[in-house]
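Novice: Sending over a structure as structure tokens; questions will come in a sec.
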Amino acid sequence: MTIDEVEVYVTSNGHGRVAIVRRDDGFFCLYRWIWHPEHFALSKSTSWMDAKVPGSVLYDEYTTPLVGIYGTVDDARREVPSLPGFAGASLAKPG
């Protein structure tokens with residue numbers, strides 16, 4: 001599967017990341033990661049805002065999207081704040 005991140009949101013503490021991804025069929029889904037402080041120490045990053053993690057690591061064979069398929073980016077965007085901890089998430093990568 002080709003990964004096409006359309007938008008990426010990061011929580012205010014920098015430890016949560018949600019990506020709106022365009023699926024091969026043209027619909028959209030969400031992927032979520034929670035990064036713990038020990039992970040930042042290994043990468044020398046302080047948050048998802050400055051972390052440079054290759055897509056091959058983010059989207060490995062163990063990574064699955066959250067439940068839900070969205071017809072538009074707007075539909076997926078409206079779902080982001082309802083995820084636990086993401087009410088105040090900031091857009092890190094605009095579409």
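In the structure tokens, chains take letters A, B, ... by order of appearance, with residues numbered from 1 within each chain and ligands from 1 in the order shown.
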Using only C-alpha atoms, tabulate the residues of range 14-41 of chain A lying at most 12 Å from any atom of range 77-82 of chain A, each with its closest atom pair and that distance in Å to one decimal, by chain and increasing residue number, as CSV.
Specialist:
residue,atom,partner,partner_atom,distance
A:Gly16,CA,A:Val80,CA,11.3
A:Arg17,CA,A:Val80,CA,10.1
A:Val18,CA,A:Val80,CA,7.4
A:Ala19,CA,A:Val80,CA,9.0
A:Ile20,CA,A:Arg77,CA,7.5
A:Val21,CA,A:Arg77,CA,10.8
A:Phe28,CA,A:Arg77,CA,9.9
A:Cys29,CA,A:Arg77,CA,10.0
A:Leu30,CA,A:Val80,CA,8.2
A:Tyr31,CA,A:Val80,CA,10.1
A:Arg32,CA,A:Val80,CA,9.7
Novice: Would you list the contacts of range 46-62 of chain A as a list in words, taking every protein, DNA or RNA residue within 7 Å and counting only C-alpha atoms, but skipping same-chain residues closer than 5 positions in sequence?
Specialist: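 Surrounding residues, per the criterion: Val10, Gly14, His15, Arg17, Phe40 and Ala92 of chain A.
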Novice: Enumerate as a list in words all residues of chain A assigned to alpha helix (DSSP H) by DSSP on the backbone, naming them with the chain letters and numbers the document uses.
Specialist: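 Here is the list: Pro37, Glu38, His39, Phe40, Ala41, Leu42, Ser43, Gly55, Ser56, Val57, Leu58, Val73, Asp74, Asp75, Ala76, Arg77, Arg78 and Glu79 of chain A.
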Novice: So which residues of chain A fall under strand (DSSP E or B) by DSSP, listed as an MDAnalysis selection string?
Specialist: chainID A and resid 4:10 16:22 28:34 70 90:93
Novice: Could you write those residues out with C-alpha atoms, as a PDB file, in the first residue's frame?
Specialist:
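As written to disk, again17.pdb reads:
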ATOM      1  CA  ASP A   4      -0.036   9.374   1.159  1.00  0.00           C
ATOM      2  CA  GLU A   5      -0.112  11.518   4.316  1.00  0.00           C
ATOM      3  CA  VAL A   6      -2.455  14.405   3.591  1.00  0.00           C
ATOM      4  CA  GLU A   7      -2.342  16.098   7.003  1.00  0.00           C
ATOM      5  CA  VAL A   8      -0.568  15.347  10.280  1.00  0.00           C
ATOM      6  CA  TYR A   9      -1.698  16.562  13.716  1.00  0.00           C
ATOM      7  CA  VAL A  10       0.409  16.594  16.878  1.00  0.00           C
ATOM      8  CA  GLY A  16       0.705  12.135  20.085  1.00  0.00           C
ATOM      9  CA  ARG A  17       0.579  12.061  16.289  1.00  0.00           C
ATOM     10  CA  VAL A  18      -2.368  11.438  13.958  1.00  0.00           C
ATOM     11  CA  ALA A  19      -2.060  11.275  10.187  1.00  0.00           C
ATOM     12  CA  ILE A  20      -4.886  11.581   7.699  1.00  0.00           C
ATOM     13  CA  VAL A  21      -3.858   9.176   4.949  1.00  0.00           C
ATOM     14  CA  ARG A  22      -5.323   8.873   1.466  1.00  0.00           C
ATOM     15  CA  PHE A  28      -9.199   8.458   3.823  1.00  0.00           C
ATOM     16  CA  CYS A  29      -8.262   6.830   7.122  1.00  0.00           C
ATOM     17  CA  LEU A  30      -6.464   7.821  10.316  1.00  0.00           C
ATOM     18  CA  TYR A  31      -3.266   6.446  11.796  1.00  0.00           C
ATOM     19  CA  ARG A  32      -2.298   7.278  15.386  1.00  0.00           C
ATOM     20  CA  TRP A  33       0.952   7.010  17.337  1.00  0.00           C
ATOM     21  CA  ILE A  34       1.696   7.814  20.957  1.00  0.00           C
ATOM     22  CA  TYR A  70     -13.800   8.745   5.569  1.00  0.00           C
ATOM     23  CA  SER A  90      -2.053  21.287  16.032  1.00  0.00           C
ATOM     24  CA  LEU A  91      -1.616  20.842  12.331  1.00  0.00           C
ATOM     25  CA  ALA A  92       2.025  19.843  11.816  1.00  0.00           C
ATOM     26  CA  LYS A  93       1.883  19.034   8.113  1.00  0.00           C
TER      27      LYS A  93
END
Novice: One decimal, in Å: what's the spacing between CA of Gly26 in chain A and CA of Thr2 in chain A?
Specialist: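 According to the coordinates, CA of Gly26 in chain A and CA of Thr2 in chain A are separated by 11.5 Å.
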Novice: Rounded to one decimal place, report the CA of Ser12 in chain A-CA of Ala87 in chain A distance in Å.
Specialist: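 CA of Ala87 in chain A lies 9.2 Å from CA of Ser12 in chain A.
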Novice: Calculated over only C-alpha atoms, which of the candidates A:Phe27, A:Gly88, A:Thr11, A:Lys44 has the smallest distance to Gly68 in chain A?
Specialist: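 Closest to Gly68 in chain A, using only C-alpha atoms: A:Phe27.
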Novice: Report the distance between CA of Ile69 in chain A and CA of Arg23 in chain A in Å, rounded to one decimal place.
Specialist: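 Taking CA of Ile69 in chain A as the start and CA of Arg23 in chain A as the end point, the length is 9.1 Å.
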